[in-house]
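Data block for run09.cif (mmCIF, C-alpha atoms and all ligand atoms):
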data_entry
#
loop_
_atom_site.label_atom_id
_atom_site.label_comp_id
_atom_site.auth_asym_id
_atom_site.auth_seq_id
_atom_site.Cartn_x
_atom_site.Cartn_y
_atom_site.Cartn_z
CA MET A 601 114.82 146.18 25.42
CA ALA A 602 113.33 145.65 28.90
CA VAL A 603 114.84 147.78 31.65
CA PRO A 604 115.77 145.84 34.81
CA ALA A 605 113.50 146.72 37.75
CA CYS A 606 116.51 147.84 39.82
CA VAL A 607 117.33 150.67 37.37
CA PRO A 608 116.02 154.05 38.58
CA ASP A 609 113.92 156.09 36.15
CA ARG A 610 115.65 158.57 33.84
CA SER A 611 114.34 161.85 35.29
CA GLN A 612 115.30 160.79 38.82
CA LEU A 613 118.78 159.81 37.62
CA ARG A 614 119.15 163.05 35.68
CA ARG A 615 118.36 165.15 38.74
CA LYS A 616 120.75 163.19 40.95
CA LEU A 617 123.64 163.20 38.48
CA ARG A 618 123.24 166.84 37.45
CA LYS A 619 123.48 167.77 41.12
CA GLN A 620 126.62 165.64 41.58
CA ARG A 621 128.11 167.12 38.43
CA ARG A 622 127.54 170.69 39.69
CA LYS A 623 128.99 169.82 43.09
CA PHE A 624 132.19 168.42 41.57
CA SER A 625 134.34 171.56 41.89
CA GLY A 626 137.61 173.10 43.08
CA PRO A 627 141.05 171.59 42.42
CA GLN A 628 139.58 168.12 41.82
CA ARG A 629 137.51 169.43 38.91
CA THR A 630 140.42 171.49 37.55
CA GLN A 631 142.66 168.43 37.64
CA ALA A 632 140.04 166.17 36.04
CA GLU A 633 139.39 168.72 33.25
CA ALA A 634 143.13 169.01 32.57
CA ARG A 635 143.42 165.21 32.36
CA VAL A 636 140.48 164.92 29.98
CA THR A 637 141.89 167.70 27.80
CA ALA A 638 145.30 165.93 27.64
CA THR A 639 143.62 162.58 26.87
CA LEU A 640 141.50 164.10 24.11
CA LEU A 641 144.52 165.79 22.53
CA LYS A 642 146.20 162.37 22.24
CA HIS A 643 143.01 160.52 21.25
CA ARG A 644 143.29 158.81 17.85
CA TRP A 645 139.77 159.96 16.93
CA LEU A 646 140.96 163.58 17.11
CA ALA A 647 144.12 163.13 15.07
CA ARG A 648 142.62 163.17 11.56
CA PRO A 649 139.18 164.72 11.69
CA ARG A 650 138.82 168.15 10.22
CA ASN A 651 135.22 168.96 11.15
CA ILE A 652 134.61 168.60 14.86
CA GLY A 653 131.44 169.29 16.83
CA ILE A 654 132.12 170.81 20.25
CA TYR A 655 129.86 172.12 23.02
CA LEU A 656 129.98 175.12 25.36
CA ALA A 657 129.80 173.87 28.94
CA PHE A 658 126.64 174.49 30.95
CA ASP A 659 125.29 173.35 34.33
CA GLY A 660 128.57 171.76 35.45
CA GLU A 661 129.40 170.01 32.16
CA LEU A 662 133.09 169.38 31.61
CA ASP A 663 134.61 172.58 30.19
CA LEU A 664 136.23 172.16 26.77
CA ALA A 665 137.65 175.72 26.56
CA ALA A 666 141.33 174.69 26.83
CA LEU A 667 140.86 171.95 24.21
CA VAL A 668 138.98 174.26 21.86
CA GLU A 669 141.84 176.76 22.00
CA VAL A 670 144.38 174.12 20.95
CA LEU A 671 142.12 172.70 18.22
CA SER A 672 141.56 176.19 16.80
CA ARG A 673 145.33 176.69 16.59
CA GLN A 674 145.54 173.35 14.75
CA ARG A 675 143.14 174.85 12.22
CA LYS A 676 140.43 172.26 12.86
CA GLN A 677 137.00 173.39 11.75
CA LEU A 678 134.89 173.63 14.90
CA PHE A 679 131.10 173.64 15.05
CA ALA A 680 128.98 174.41 18.12
CA PRO A 681 125.34 173.51 18.82
CA GLN A 682 122.72 176.18 18.23
CA LEU A 683 119.26 175.88 19.68
CA GLY A 684 118.21 179.48 19.20
CA HIS A 685 114.53 180.07 19.59
CA SER A 686 113.41 177.98 16.67
CA PRO A 687 111.20 174.90 17.03
CA ARG A 688 113.34 173.10 14.44
CA GLY A 689 115.64 171.86 17.17
CA MET A 690 119.38 171.83 17.51
CA CYS A 691 121.84 172.29 14.68
CA PHE A 692 125.61 172.82 14.50
CA ILE A 693 127.05 176.16 13.33
CA HIS A 694 130.64 176.95 12.39
CA CYS A 695 132.47 178.74 15.23
CA GLY A 696 134.41 181.37 13.37
CA ARG A 697 134.92 184.91 14.44
CA GLY A 698 131.17 185.38 14.90
CA THR A 699 129.57 186.49 18.15
CA MET A 700 128.44 184.02 20.80
CA ALA A 701 125.40 184.79 22.98
CA PRO A 702 123.23 182.93 25.49
CA ASN A 703 120.19 181.10 24.05
CA ALA A 704 116.79 180.59 25.70
CA TYR A 705 118.37 178.16 28.20
CA GLY A 706 121.28 180.49 29.01
CA ILE A 707 123.74 178.31 27.08
CA SER A 708 126.29 180.21 25.02
CA GLU A 709 126.01 179.59 21.26
CA PRO A 710 126.93 181.12 17.87
CA VAL A 711 124.47 183.86 16.95
CA SER A 712 124.78 183.67 13.17
CA GLY A 713 125.90 181.23 10.49
CA GLN A 714 124.49 178.46 8.35
CA PRO A 715 123.64 175.10 9.95
CA VAL A 716 126.04 172.40 8.82
CA ASP A 717 124.78 169.01 7.60
CA PRO A 718 125.41 166.74 10.64
CA ARG A 719 126.67 164.05 8.23
CA SER A 720 129.56 166.29 7.26
CA LEU A 721 130.95 166.33 10.81
CA ASP A 722 133.72 163.79 11.43
CA LEU A 723 133.59 163.71 15.21
CA VAL A 724 131.22 165.18 17.79
CA LEU A 725 132.21 165.76 21.41
CA VAL A 726 129.00 165.10 23.29
CA PRO A 727 128.17 166.46 26.76
CA LEU A 728 126.95 163.89 29.25
CA VAL A 729 124.74 163.65 32.26
CA ALA A 730 125.59 159.93 32.39
CA PHE A 731 126.83 157.03 30.26
CA ASP A 732 127.22 153.28 30.63
CA PRO A 733 129.48 150.55 29.18
CA ALA A 734 126.97 149.82 26.40
CA GLY A 735 127.35 153.39 25.10
CA THR A 736 123.91 154.44 26.32
CA ARG A 737 123.82 158.14 27.02
CA LEU A 738 121.69 160.22 29.33
CA GLY A 739 121.62 163.89 28.34
CA MET A 740 119.69 166.88 29.64
CA GLY A 741 116.39 165.45 28.43
CA GLY A 742 115.63 167.51 25.31
CA GLY A 743 116.37 164.67 22.91
CA HIS A 744 118.40 167.10 20.80
CA TYR A 745 121.37 164.84 20.09
CA ASP A 746 119.04 161.86 19.51
CA ARG A 747 117.02 163.79 16.92
CA LEU A 748 119.95 165.36 15.07
CA PHE A 749 121.92 162.09 14.86
CA SER A 750 118.98 159.66 14.53
CA PHE A 751 120.38 158.57 11.11
CA LEU A 752 123.20 156.81 13.03
CA ASN A 753 120.68 154.36 14.48
CA HIS A 754 120.36 152.80 11.02
CA ARG A 755 124.10 152.09 10.79
CA ARG A 756 126.07 149.52 12.72
CA GLN A 757 129.41 149.93 10.95
CA TRP A 758 131.27 152.91 9.52
CA ARG A 759 129.27 155.25 11.69
CA HIS A 760 129.98 158.85 10.73
CA PRO A 761 130.32 161.14 12.63
CA LYS A 762 131.67 159.33 15.65
CA LEU A 763 130.02 160.44 18.88
CA LEU A 764 132.50 160.76 21.73
CA GLY A 765 131.04 161.46 25.18
CA VAL A 766 133.05 163.78 27.42
CA GLY A 767 132.58 163.90 31.17
CA PHE A 768 133.73 162.93 34.62
CA GLU A 769 134.14 159.43 36.03
CA LEU A 770 131.26 160.09 38.47
CA GLN A 771 128.97 160.11 35.42
CA ARG A 772 129.81 156.50 34.50
CA GLN A 773 126.95 154.22 35.55
CA ARG A 774 126.78 150.43 35.67
CA VAL A 775 123.65 150.34 33.47
CA LEU A 776 121.38 153.11 32.21
CA PRO A 777 117.75 152.75 31.17
CA ARG A 778 117.64 153.00 27.39
CA ALA A 779 114.91 154.48 25.20
CA PRO A 780 114.27 153.22 21.63
CA TRP A 781 115.24 156.63 20.17
CA ASP A 782 118.55 156.91 22.06
CA VAL A 783 121.58 157.19 19.78
CA SER A 784 124.56 155.32 21.26
CA LEU A 785 127.93 156.83 21.92
CA ASP A 786 130.91 155.30 20.10
CA GLY A 787 133.20 156.09 23.01
CA ALA A 788 133.71 158.32 26.03
CA VAL A 789 136.57 160.07 27.79
CA THR A 790 136.80 160.81 31.51
CA GLU A 791 139.72 161.67 33.82
CA GLN A 792 140.30 157.88 34.11
CA GLY A 793 140.90 157.50 30.38
CA CYS A 794 139.15 156.35 27.20
CA TYR A 795 136.22 153.97 26.78
CA PHE A 796 135.28 152.40 23.44
CA PHE A 797 131.81 150.93 22.94
N1 LIG B 801 114.50 160.75 16.77
C1 LIG B 801 113.54 161.35 17.49
N2 LIG B 801 112.40 161.76 16.91
C2 LIG B 801 111.46 162.37 17.61
N3 LIG B 801 111.53 162.63 18.93
C3 LIG B 801 112.63 162.25 19.58
C4 LIG B 801 113.70 161.60 18.89
N4 LIG B 801 114.68 161.36 19.79
C5 LIG B 801 114.24 161.84 20.96
N5 LIG B 801 113.03 162.39 20.85
C6 LIG B 801 112.24 162.99 21.93
O1 LIG B 801 113.11 163.65 22.84
C7 LIG B 801 112.67 163.38 24.17
C8 LIG B 801 113.86 163.38 25.11
O2 LIG B 801 114.74 162.34 24.78
P1 LIG B 801 115.77 161.76 25.87
O3 LIG B 801 115.08 161.53 27.16
O4 LIG B 801 116.51 160.60 25.27
O5 LIG B 801 116.77 163.01 26.06
P2 LIG B 801 118.35 163.08 26.14
O6 LIG B 801 118.98 162.15 25.18
O7 LIG B 801 118.73 162.92 27.56
O8 LIG B 801 118.52 164.60 25.70
P3 LIG B 801 119.69 165.49 25.01
O9 LIG B 801 120.30 164.72 23.89
O10 LIG B 801 118.98 166.73 24.54
O11 LIG B 801 120.71 165.80 26.06
C9 LIG B 801 111.95 162.06 24.11
O12 LIG B 801 110.88 162.06 25.01
C10 LIG B 801 111.47 161.93 22.69
O13 LIG B 801 110.09 162.24 22.61
MG MG B 802 118.48 160.20 24.71
#
Please express the file's structure as structure tokens.
Amino acid sequence: MAVPACVPDRSQLRRKLRKQRRKFSGPQRTQAEARVTATLLKHRWLARPRNIGIYLAFDGELDLAALVEVLSRQRKQLFAPQLGHSPRGMCFIHCGRGTMAPNAYGISEPVSGQPVDPRSLDLVLVPLVAFDPAGTRLGMGGGHYDRLFSFLNHRRQWRHPKLLGVGFELQRQRVLPRAPWDVSLDGAVTEQGCYFF
């Protein structure tokens, strides 16, 4: 799909939005995170799923700690991304009682455990740099989510797992440049509420 000439390039957008995301702080951030947590806890996509992919916030990403605590008490099975030092790319590992430690990028992740088949996850909460109303996502630029969930690009209906972007309203863009390998989000949640794509 051709990108309109008025759309800035992805690396420029990433830099700008990562900076804005880091700058969004203080009581405004705390309030927005509390709203997103409350919205997610009521979200119909979180009611039934048993196996949920989460992320550990980095570089100003919306912090899921409060949500994770509630989901753990609800006995949901939670899985966190692991990048480690392997060239195989990202996988999801069960977050049990195992140790968490920073990876090569300084992002906290489970140290041990077996990678789960991404098809066995029911829902994945996906960190965002930006998203748009078509469900196009801009991440940190590693292509990790696109690679791991590339099988979803061959399905239009009954997509499993559902990918739910989580972020702040400032990350919502009118239109994002889209690459052929990008895997779309099925929805997103910000402090303004839920979006379905
Ligand atoms: N399915 C794929 N197979 C092989 N390479 C891929 C695939 N998906 C993405 N990539 C590679 O990953 C690189 C980064 O992708 P992209 O710019 O979309 O990152 P991103 O979606 O923002 O990153 P992330 O998901 O890690 O936050 C691309 O240049 C591309 O070469
Ligand atoms: Mg991408």
Let me make sure I understand: among A:Pro761, A:Gly706, A:Gly787, A:Pro718, which one has the smallest atom-to-atom distance to Ala734 in chain A if we use only C-alpha atoms?
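The shortest atom-to-atom distance to Ala734 in chain A comes from A:Gly787.
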List the neighbours of Leu725 in chain A out to 8 Å using all atoms listed in the file; skip same-chain residues closer than 5 positions along the sequence, and give me the result as a short mmCIF file (atom, residue, chain, number, x, y, z; two decimals) with C-alpha atoms, in the frame of the given file.
data_model
loop_
_atom_site.label_atom_id
_atom_site.label_comp_id
_atom_site.auth_asym_id
_atom_site.auth_seq_id
_atom_site.Cartn_x
_atom_site.Cartn_y
_atom_site.Cartn_z
CA ILE A 652 134.61 168.60 14.86
CA GLY A 653 131.44 169.29 16.83
CA ILE A 654 132.12 170.81 20.25
CA TYR A 655 129.86 172.12 23.02
CA LEU A 763 130.02 160.44 18.88
CA LEU A 764 132.50 160.76 21.73
CA GLY A 765 131.04 161.46 25.18
CA VAL A 766 133.05 163.78 27.42
#
Near-Ser708 in chain A list (9 Å; all atoms listed in the file; drop same-chain fewer than 6 positions) as a list in words
Leu656, Ala657, Phe658, Gln682, Met700, Ala701 and Pro702 of chain A
What does the file look like for those residues with C-alpha atoms, as a short mmCIF file (atom, residue, chain, number, x, y, z; two decimals), in the coordinates of the input?
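Saved as selection.cif:
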data_model
loop_
_atom_site.label_atom_id
_atom_site.label_comp_id
_atom_site.auth_asym_id
_atom_site.auth_seq_id
_atom_site.Cartn_x
_atom_site.Cartn_y
_atom_site.Cartn_z
CA LEU A 656 129.98 175.12 25.36
CA ALA A 657 129.80 173.87 28.94
CA PHE A 658 126.64 174.49 30.95
CA GLN A 682 122.72 176.18 18.23
CA MET A 700 128.44 184.02 20.80
CA ALA A 701 125.40 184.79 22.98
CA PRO A 702 123.23 182.93 25.49
#
Contacts to ligand LIG 801 (chain B) at 8 Å cut-off (all atoms listed in the file) as number ranges by chain:
A: 610, 727-729, 737-750, 778-779, 781-783
Restricting the calculation to all atoms listed in the file: of A:Thr790, A:Asn753, A:Thr637, A:Gln714, which residue gets closest to ligand MG 802 (chain B)?
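Result for the nearest residue to ligand MG 802 (chain B): A:Asn753.
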Using Å and a single decimal, report how far CA of Glu661 in chain A sits from CA of Lys623 in chain A.
10.9 Å
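Residues lying within 9 Å of range 628-631 of chain A, counting all atoms listed in the file and ignoring same-chain neighbours fewer than 4 positions away, are Phe624, Arg635, Val636, Leu662, Phe768 and Glu791 of chain A.
Proximity to ligand MG 802 (chain B) was assessed for A:Gly660, A:Ser611, A:Ser720, A:Glu669 counting all atoms listed in the file; the smallest distance is recorded for A:Ser611.
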Give me, as a compact mmCIF listing (two decimals) with C-alpha atoms, keeping the file's coordinate frame, all polymer residues having an atom no more than 12 Å from Gln674 in chain A, counting only C-alpha atoms and skipping those fewer than 4 positions away in the same chain.
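Saved the output as out-v1.txt:
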# COMPACT_ATOMS: atom_id res chain seq x y z
CA LEU A 641 144.52 165.79 22.53
CA LEU A 646 140.96 163.58 17.11
CA ALA A 647 144.12 163.13 15.07
CA ARG A 648 142.62 163.17 11.56
CA PRO A 649 139.18 164.72 11.69
CA ARG A 650 138.82 168.15 10.22
CA ASN A 651 135.22 168.96 11.15
CA ILE A 652 134.61 168.60 14.86
CA LEU A 667 140.86 171.95 24.21
CA VAL A 668 138.98 174.26 21.86
CA GLU A 669 141.84 176.76 22.00
CA VAL A 670 144.38 174.12 20.95
CA LEU A 678 134.89 173.63 14.90
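Here the question is which of A:Trp645, A:Tyr705, A:Phe796, A:Phe731 gets nearest to ligand MG 802 (chain B) using all atoms listed in the file, and that residue is A:Phe731.
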Which one of A:Ala680, A:Ala665, A:Arg614, A:Ser625 sits closest to ligand MG 802 (chain B) if you count all atoms listed in the file?
A:Arg614
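From CA of Gly713 in chain A back to CA of Arg673 in chain A, the distance works out to 20.9 Å.
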Excluding Gly735 in chain A and residues on its chain fewer than 5 positions from it, collect all residues at most 8 Å away from it, counting all atoms listed in the file, and give them as a short mmCIF file (atom, residue, chain, number, x, y, z; two decimals) with C-alpha atoms, keeping the file's coordinate frame.
data_model
loop_
_atom_site.label_atom_id
_atom_site.label_comp_id
_atom_site.auth_asym_id
_atom_site.auth_seq_id
_atom_site.Cartn_x
_atom_site.Cartn_y
_atom_site.Cartn_z
CA SER A 784 124.56 155.32 21.26
CA LEU A 785 127.93 156.83 21.92
CA ASP A 786 130.91 155.30 20.10
CA GLY A 787 133.20 156.09 23.01
CA PHE A 797 131.81 150.93 22.94
#
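Rounded to one decimal, CA of Phe751 in chain A and CA of Pro777 in chain A lie 21.1 Å from each other.
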Which residue gives the smallest distance to ligand MG 802 (chain B) among A:Leu683, A:Cys695, A:Ala634, A:Val726, with only C-alpha atoms and all ligand atoms counted?
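Using only C-alpha atoms and all ligand atoms, ligand MG 802 (chain B) sits closest to A:Val726.
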